[in-house]
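Visitor: Could you have a look at this structure, given as structure tokens, before my questions?
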Amino acid sequence: MTIKGKAYIAGVFEHPTRKADETSLAQLHAEVAHGALQDAGLTKADVDGYFCSGDAPGLGGLSMADYMGLKVRHIDTTETGGSSYVVHVGHAAEAIAAGKCNVALITLAGRPRAEGMATGTAPRNYGAAAPDVAFEFPFGPTVVNQYAMAAMRHMHQYGTTSAQLAWIKVAASQHAQHNPHALLRDVVTVDEVVSSPMVADPLHRLDCCVITDGGGAIVVARPEIARALKRPRVRVLGAGEAVKHQAGGKIDLTYTAAVWSGPAAFAEAGVRPADVKYVSIYDSFTITVLITLEDLGFCDKGQGGKFVSDGNLISGVGRLPFNTDGGGLCNNHPANRGGLTKVVEAVRQLRGEAHPAVQVKSCDVALAHGTGGSLATRHGSATLIMERES
Amino acid sequence: MSPAQRTIPAPPVNLETKPFWDAAADGKLLVKRCEACGERHYYPRAICPFCGSDRTAWLEASGRGTIYSYSVFRRVPVPYAIAYVTLEEGPTVMTNIVDGDLDAIRIGQRVRVRFMPTDGGPPVPMFAPA
């Protein structure tokens, strides 16, 4: 079975807030759900499938269905960190194709800023029963120093430089200046990135994404329903997901599970990297983008540094415009999970609804990709390819 | 810089991993070897992650290895170096590099295990320049 053409992205919404001091977590989920349904021209009563990840409050989506008053016959709370929501779109398309639901709602929300979380710099601990914790937690693995080790190895093996990584942030900042909701709207230079304070060698402060509150939602619908709506039609062409881990100690930090999720999505979609006009790549850190672009086949392994340099990711300038909302590096990283907003901006591009300054001309095929967990070690990758139906 | 300035959290110990931590208290580094497929793995498990066999046995490692990658974490009161070290026996392990100049750490550098005390638990295997 394939999902190609069997489901459409009917609605998307990105919460405008970046600090939700006075909004509860459940309320944020309901607000983004309402926004995406309104965008689609559907109502809560149309929803019969619900998707969220493990960080939604309550048990496995039950509290959210309860709070929002959803009547669902399909539920999926797949948890792969920040890539969960890209996985959810693929799973929603599968469920729709299999007749398990007609309209799937996916929500993400979080308040890491309001709650004062030390998001990237506090050692991660998933509890004493996690089999890895005794052999990792004592050594102080944080989000940033684990991603930094992948960057350090990439530099060692392929000669990648900090200046090359900086171009990724520069491109994001060029886009973010046009986004009134972006947390960081100032355009930065390569020099400013590489001279920003070192957080974890070789990642500087400006190699790291922002921390924001908020969230987003996606509505995936059966073709007959999507075609009856008034919005531009965005068709799901293919999806791939994969997990990579430490392989019992055969660790290789130079690639991610995108080497598997990407080809699966491209094969299902029937397109090649050269056909893709716009990419949303989860940019938790600059290195995440560089390795992902290599793994997805936009350039050869080890050539990512060269590929992202000189504005190649800037809309209207380079060959492969990316994260035209400013991405996680500048715009928004709600709940420390970037997958959902990646789909949202890709849909804007396919609809022709991105900011005019960053809208990609004739954007008919777009890709969104998420990486959740620890880059190149224990993580889940998800690739989604969509097209505009004229 | 003395690593003692940083409090090392105690590793949670369970029945599956207790022999590893008992050996650590004696200054010995263990990995697991599968008697069915011959692969060595780390972190240690009762069930081989390569072939699924439960015929896994403890193997004492030499304690020597090379740095596969590392990162010095600067945004804390006591900067420290996290690393992956590839053991002579094969597996690559997460650890800290201690007892040396943090700015002199290099990929490919030869290192040797040094057990460091934790906050109320068994010592954990860190590595120092060989």
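Here, A, B, ... name the chains of the structure tokens in the order displayed, residue numbers run from 1 inside each chain, and ligands are numbered from 1 in the same displayed order.
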Based on only C-alpha atoms, which of the residues in chain A come within 10 Å of chain B? I want them as a PyMOL selection string.
Guide: chain A and resi 121-122+127-142+144-154+156-157+197-203+205+246-253
Visitor: Would you pick out the contacts of region 56-63 of chain B at 9 Å or less, using only C-alpha atoms, so that residues sharing its chain but fewer than 5 positions from it are not included, and give the list as JSON, numbers by chain?
Guide: {"B": [19, 20, 23, 28, 29, 30, 31, 32, 33, 34, 35, 36, 40, 44, 45, 46, 47, 48, 87, 88, 89, 111, 112, 113, 114, 125, 127]}
Visitor: Using DSSP on the backbone coordinates, identify the residues of chain B assigned to strand (DSSP E); present them as a PyMOL selection string.
Guide: chain B and resi 30-34+40-41+56-60+64-73+80-87+92-97+110-116+124-129
Visitor: What does the structure give for the distance between CA of Asn323 (chain A) and CA of Cys363 (chain A), in Å to one decimal?
Guide: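 Those two atoms sit 13.7 Å apart.
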Visitor: Do a neighbour search on region 86-96 of chain A at 6 Å with only C-alpha atoms, toss out local chain neighbours closer than 2 positions, and write the hits as an MDAnalysis selection string.
Guide: chainID A and resid 3 7 83:84 98:102 239 339 382
Visitor: Residues within 9 Å of region 36-42 of chain A, please, as a PyMOL selection string. Count only C-alpha atoms; anything in the same chain fewer than 2 positions from it doesn't count.
Guide: chain A and resi 9-14+31-34+44-47+105+216-219+226+229-231
Visitor: Could you write out the selected residues, including N, CA and C atoms, as an mmCIF file, in the first residue's frame?
Guide:
data_model
loop_
_atom_site.group_PDB
_atom_site.id
_atom_site.type_symbol
_atom_site.label_atom_id
_atom_site.label_comp_id
_atom_site.auth_asym_id
_atom_site.auth_seq_id
_atom_site.Cartn_x
_atom_site.Cartn_y
_atom_site.Cartn_z
ATOM 1 N N ILE A 9 -2.900 17.808 3.134
ATOM 2 C CA ILE A 9 -2.787 18.708 4.286
ATOM 3 C C ILE A 9 -3.838 19.791 4.064
ATOM 4 N N ALA A 10 -4.888 19.732 4.860
ATOM 5 C CA ALA A 10 -6.013 20.653 4.643
ATOM 6 C C ALA A 10 -5.879 21.935 5.450
ATOM 7 N N GLY A 11 -5.204 21.849 6.606
ATOM 8 C CA GLY A 11 -5.083 23.039 7.440
ATOM 9 C C GLY A 11 -3.805 23.023 8.251
ATOM 10 N N VAL A 12 -3.243 24.207 8.456
ATOM 11 C CA VAL A 12 -2.061 24.332 9.311
ATOM 12 C C VAL A 12 -2.189 25.597 10.157
ATOM 13 N N PHE A 13 -1.513 25.598 11.293
ATOM 14 C CA PHE A 13 -1.526 26.790 12.148
ATOM 15 C C PHE A 13 -0.279 26.789 13.008
ATOM 16 N N GLU A 14 0.327 27.964 13.114
ATOM 17 C CA GLU A 14 1.460 28.153 14.017
ATOM 18 C C GLU A 14 1.043 29.198 15.038
ATOM 19 N N GLU A 31 -5.929 25.845 21.328
ATOM 20 C CA GLU A 31 -5.856 27.038 20.467
ATOM 21 C C GLU A 31 -5.266 26.706 19.104
ATOM 22 N N VAL A 32 -4.207 25.886 19.090
ATOM 23 C CA VAL A 32 -3.614 25.557 17.787
ATOM 24 C C VAL A 32 -4.545 24.637 16.989
ATOM 25 N N ALA A 33 -5.262 23.761 17.686
ATOM 26 C CA ALA A 33 -6.235 22.895 17.004
ATOM 27 C C ALA A 33 -7.297 23.744 16.321
ATOM 28 N N HIS A 34 -7.810 24.708 17.055
ATOM 29 C CA HIS A 34 -8.827 25.607 16.511
ATOM 30 C C HIS A 34 -8.276 26.361 15.296
ATOM 31 N N LYS A 44 -14.328 21.118 14.682
ATOM 32 C CA LYS A 44 -13.953 20.050 15.601
ATOM 33 C C LYS A 44 -14.799 18.793 15.367
ATOM 34 N N ALA A 45 -16.035 18.994 14.965
ATOM 35 C CA ALA A 45 -16.932 17.848 14.757
ATOM 36 C C ALA A 45 -16.484 16.981 13.581
ATOM 37 N N ASP A 46 -15.677 17.553 12.685
ATOM 38 C CA ASP A 46 -15.191 16.789 11.531
ATOM 39 C C ASP A 46 -14.034 15.861 11.904
ATOM 40 N N VAL A 47 -13.382 16.131 13.025
ATOM 41 C CA VAL A 47 -12.172 15.387 13.399
ATOM 42 C C VAL A 47 -12.550 14.005 13.924
ATOM 43 N N LEU A 105 -6.279 15.276 13.203
ATOM 44 C CA LEU A 105 -5.771 16.495 13.825
ATOM 45 C C LEU A 105 -4.471 16.167 14.573
ATOM 46 N N GLY A 216 1.742 24.361 17.414
ATOM 47 C CA GLY A 216 1.179 24.368 16.076
ATOM 48 C C GLY A 216 0.303 23.146 15.876
ATOM 49 N N ALA A 217 -0.436 23.176 14.781
ATOM 50 C CA ALA A 217 -1.323 22.057 14.483
ATOM 51 C C ALA A 217 -1.426 21.856 12.978
ATOM 52 N N ILE A 218 -1.746 20.616 12.614
ATOM 53 C CA ILE A 218 -1.897 20.224 11.215
ATOM 54 C C ILE A 218 -3.180 19.415 11.101
ATOM 55 N N VAL A 219 -3.937 19.669 10.039
ATOM 56 C CA VAL A 219 -5.120 18.856 9.751
ATOM 57 C C VAL A 219 -4.869 18.096 8.456
ATOM 58 N N ALA A 226 -10.784 17.154 1.266
ATOM 59 C CA ALA A 226 -9.868 18.256 0.967
ATOM 60 C C ALA A 226 -10.305 18.988 -0.307
ATOM 61 N N LEU A 229 -12.898 21.729 0.048
ATOM 62 C CA LEU A 229 -12.550 22.914 0.837
ATOM 63 C C LEU A 229 -12.072 24.033 -0.081
ATOM 64 N N LYS A 230 -12.005 25.241 0.475
ATOM 65 C CA LYS A 230 -11.677 26.397 -0.356
ATOM 66 C C LYS A 230 -10.177 26.716 -0.400
ATOM 67 N N ARG A 231 -9.380 25.964 0.325
ATOM 68 C CA ARG A 231 -7.960 26.278 0.425
ATOM 69 C C ARG A 231 -7.189 25.641 -0.722
#
Visitor: Would you kindly return, as a list of chain:residue names, each protein, DNA or RNA residue with an atom no farther than 9 Å from any atom of Pro57 (chain A), considering only C-alpha atoms and excluding same-chain residues fewer than 5 positions away?
Guide: A:Leu25, A:Ala26, A:Leu62, A:Ser63, A:Met64
Visitor: DSSP on the backbone: what in region 28-208 of chain A comes out alpha helix (DSSP H), as a ChimeraX atom specification?
Guide: /A:28-40,62-68,84-97,143-158,162-176,190-194
Visitor: Find, counting only C-alpha atoms, the residue in A:Gly297, A:Pro334, A:Gly81, A:Pro356 that gets nearest to Tyr255 (chain A).
Guide: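 Using only C-alpha atoms, Tyr255 (chain A) sits closest to A:Gly297.
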Visitor: What's around Thr2 (chain A) at 9 Å? Count only C-alpha atoms, leave out sequence neighbours fewer than 3 positions away in its own chain, and write the answer as a list in words.
Guide: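 The filter keeps Gly5, Lys6, Glu94, Ala97, Gly238 and Glu268 of chain A.
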Visitor: Interatomic distance between CA of Gly316 (chain A) and CA of Ala171 (chain A)?
Guide: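 It comes out at 11.0 Å.
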Visitor: Would you mind reading off the distance between CA of Tyr126 (chain A) and CA of Ala109 (chain A), one decimal, in Å?
Guide: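 One can read the CA of Tyr126 (chain A) to CA of Ala109 (chain A) distance as 19.8 Å.
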Visitor: Identify, on the basis of only C-alpha atoms, every residue whose closest approach to Gly311 (chain A) does not exceed 12 Å; exclude the query and any residue fewer than 3 positions from it along the same chain; express the result as number ranges by chain.
Guide: A: 164-175, 189-190, 305-308, 314-322
Visitor: Write out, as a CSV table (one decimal), in the first residue's frame, the residues just selected, with C-alpha atoms.
Guide:
chain,number,residue,atom,x,y,z
A,164,GLN,CA,30.4,26.9,6.8
A,165,LEU,CA,28.0,26.0,9.6
A,166,ALA,CA,27.4,29.7,10.2
A,167,TRP,CA,26.0,30.1,6.7
A,168,ILE,CA,23.0,28.0,7.8
A,169,LYS,CA,22.2,30.5,10.6
A,170,VAL,CA,22.9,33.4,8.2
A,171,ALA,CA,20.3,32.0,5.7
A,172,ALA,CA,17.8,31.5,8.5
A,173,SER,CA,18.3,35.1,9.7
A,174,GLN,CA,17.9,36.5,6.2
A,175,HIS,CA,14.4,34.8,6.1
A,189,THR,CA,26.8,37.6,9.4
A,190,VAL,CA,29.1,34.6,9.3
A,305,GLY,CA,29.8,22.5,4.3
A,306,LYS,CA,30.4,23.6,0.7
A,307,PHE,CA,26.7,23.1,-0.2
A,308,VAL,CA,25.3,25.4,2.5
A,314,ILE,CA,18.7,31.7,1.0
A,315,SER,CA,15.4,32.1,-0.9
A,316,GLY,CA,15.9,34.0,-4.1
A,317,VAL,CA,19.7,33.6,-3.9
A,318,GLY,CA,20.6,30.0,-3.6
A,319,ARG,CA,19.7,26.7,-5.2
A,320,LEU,CA,17.8,25.2,-2.2
A,321,PRO,CA,15.8,27.7,-0.1
A,322,PHE,CA,15.2,26.3,3.4
